[in-house]
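Student: Attaching a single structure in structure tokens format; questions to follow.
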Amino acid sequence: VDIANHVRRHFNVTAGPWAIGGLSMGGYGAMRLGLKYPEMFASIWAHSSAFHIPDRLDPNLVVDIEDARVITHARKAAAAGTTQVISFDCGVDDDLIVHNRELHTAMEELGLPHHYAEHPGAHTWEYWDEHVREALAQHARVLLDR
């Protein structure tokens, strides 16, 4: 809610669902927030995401460690039959690919519709500059179809 109000104050945005995306830690955040708030986000795209962040947190310093896990929100989305368009990708030379593959497998097991892709590349701006175009095209398509 704080982020939405901040965006509304500083940008000319329309009512209705938004799109969310990010890369690396921001990709983790985009996927977590997007799945947690399906009424707010119709389209999600995360690049080279650090989905393992909750595993590195001290559980004593986090109010609700399960809330920090993307899989917690993926389970809820699958159970609710979400209509969100969910995508993520990772470079095959990225150290975070293992975590992206794990989330992809978990989402498949949950029956949560999503698109996952692996491409040549590493955890670099060159990779993200190339693949953000796909994310923007998805966001535009989803938002314009509403």
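Chains: A, B, ... in order of the structure tokens. Residues: from 1 per chain. Ligands: from 1, in order shown.
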If you count only C-alpha atoms, which residues fall within 10 Å of A:Arg75, apart from same-chain ones fewer than 2 positions away, as JSON, numbers by chain?
Tutor: {"A": [35, 70, 71, 72, 73, 77, 78, 79, 80, 81, 106, 107, 110, 111, 112]}
Student: Using N, CA and C atoms, can you write the selected residues to a file as a PDB file, in the first residue's frame?
Tutor:
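Contents of the output file out.pdb:
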ATOM      1  N   LEU A  35       3.079 -11.798  -6.528  1.00  0.00           N
ATOM      2  CA  LEU A  35       2.275 -12.945  -6.125  1.00  0.00           C
ATOM      3  C   LEU A  35       1.492 -12.669  -4.849  1.00  0.00           C
ATOM      4  N   VAL A  70       9.060 -16.651  -1.695  1.00  0.00           N
ATOM      5  CA  VAL A  70       8.228 -16.563  -2.900  1.00  0.00           C
ATOM      6  C   VAL A  70       7.310 -17.771  -3.008  1.00  0.00           C
ATOM      7  N   ILE A  71       7.803 -18.941  -2.657  1.00  0.00           N
ATOM      8  CA  ILE A  71       7.008 -20.157  -2.797  1.00  0.00           C
ATOM      9  C   ILE A  71       5.742 -20.106  -1.946  1.00  0.00           C
ATOM     10  N   THR A  72       5.782 -19.420  -0.817  1.00  0.00           N
ATOM     11  CA  THR A  72       4.591 -19.267   0.026  1.00  0.00           C
ATOM     12  C   THR A  72       3.483 -18.587  -0.765  1.00  0.00           C
ATOM     13  N   HIS A  73       3.830 -17.542  -1.475  1.00  0.00           N
ATOM     14  CA  HIS A  73       2.844 -16.791  -2.245  1.00  0.00           C
ATOM     15  C   HIS A  73       2.474 -17.516  -3.544  1.00  0.00           C
ATOM     16  N   ALA A  77      -1.265 -18.417  -4.775  1.00  0.00           N
ATOM     17  CA  ALA A  77      -1.709 -18.050  -6.124  1.00  0.00           C
ATOM     18  C   ALA A  77      -2.248 -19.266  -6.867  1.00  0.00           C
ATOM     19  N   ALA A  78      -1.549 -20.390  -6.740  1.00  0.00           N
ATOM     20  CA  ALA A  78      -1.993 -21.617  -7.411  1.00  0.00           C
ATOM     21  C   ALA A  78      -3.334 -22.069  -6.847  1.00  0.00           C
ATOM     22  N   ALA A  79      -3.474 -22.022  -5.529  1.00  0.00           N
ATOM     23  CA  ALA A  79      -4.726 -22.450  -4.892  1.00  0.00           C
ATOM     24  C   ALA A  79      -5.891 -21.547  -5.278  1.00  0.00           C
ATOM     25  N   ALA A  80      -5.601 -20.267  -5.475  1.00  0.00           N
ATOM     26  CA  ALA A  80      -6.653 -19.309  -5.826  1.00  0.00           C
ATOM     27  C   ALA A  80      -6.965 -19.302  -7.317  1.00  0.00           C
ATOM     28  N   GLY A  81      -6.142 -19.989  -8.109  1.00  0.00           N
ATOM     29  CA  GLY A  81      -6.349 -19.987  -9.555  1.00  0.00           C
ATOM     30  C   GLY A  81      -6.074 -18.623 -10.170  1.00  0.00           C
ATOM     31  N   ALA A 106       9.094 -25.906  -8.782  1.00  0.00           N
ATOM     32  CA  ALA A 106       8.058 -25.829  -7.751  1.00  0.00           C
ATOM     33  C   ALA A 106       6.749 -25.298  -8.330  1.00  0.00           C
ATOM     34  N   MET A 107       6.829 -24.288  -9.188  1.00  0.00           N
ATOM     35  CA  MET A 107       5.615 -23.745  -9.806  1.00  0.00           C
ATOM     36  C   MET A 107       4.960 -24.773 -10.721  1.00  0.00           C
ATOM     37  N   LEU A 110       3.103 -27.184  -8.569  1.00  0.00           N
ATOM     38  CA  LEU A 110       1.884 -26.567  -8.053  1.00  0.00           C
ATOM     39  C   LEU A 110       0.812 -26.407  -9.129  1.00  0.00           C
ATOM     40  N   GLY A 111       1.217 -26.525 -10.384  1.00  0.00           N
ATOM     41  CA  GLY A 111       0.292 -26.268 -11.485  1.00  0.00           C
ATOM     42  C   GLY A 111       0.034 -24.784 -11.687  1.00  0.00           C
ATOM     43  N   LEU A 112       0.982 -23.953 -11.268  1.00  0.00           N
ATOM     44  CA  LEU A 112       0.846 -22.505 -11.398  1.00  0.00           C
ATOM     45  C   LEU A 112       1.311 -22.085 -12.790  1.00  0.00           C
TER      46      LEU A 112
END
Student: As a PyMOL selection string, please: every residue in chain A that DSSP puts in alpha helix (DSSP H).
Tutor: chain A and resi 2-10+25-36+53-56+65-68+70-80+97-110+125-144
Student: So how far away is atom CA of A:His114 from atom CA of A:His99, in Å?
Tutor: 15.8 Å
Student: Nearest to A:Gln138: which of A:Trp45, A:Val62, A:Trp125, A:Gly34 is it, counting only C-alpha atoms?
Tutor: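 Among the listed residues, the smallest separation from A:Gln138 belongs to A:Trp45.
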Student: Quick one: of A:Asp94, A:Glu118, A:Asp89, A:Glu109, who's nearest to A:Gly21, counting only C-alpha atoms?
Tutor: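 So, comparing all the options, the nearest one is A:Asp89.
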Student: Name the residues in contact with A:Ala50 at a cut-off of 10 Å, using only C-alpha atoms, excluding same-chain residues fewer than 5 positions from it; report them as a PyMOL selection string.
Tutor: chain A and resi 23-29+95-100
Student: So the first atom is atom CA of A:Glu126 and the second is atom CA of A:Arg32; what is the distance between them in Å, to one decimal place?
Tutor: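 Taking atom CA of A:Glu126 as the start and atom CA of A:Arg32 as the end point, the length is 24.5 Å.
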Student: Go through A:His47, A:Arg101, A:Ser87, A:Val13 one by one, measure the shortest atom-to-atom distance of each to A:His139 using only C-alpha atoms, and give the residue with the smallest value.
Tutor: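 Counting only C-alpha atoms, the residue closest to A:His139 is A:Ser87.
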Student: Looking only at the backbone, which of the residues in stretch 82-133 of chain A does DSSP tag as strand (DSSP E or B), as a ChimeraX atom specification?
Tutor: /A:85-91,115-119
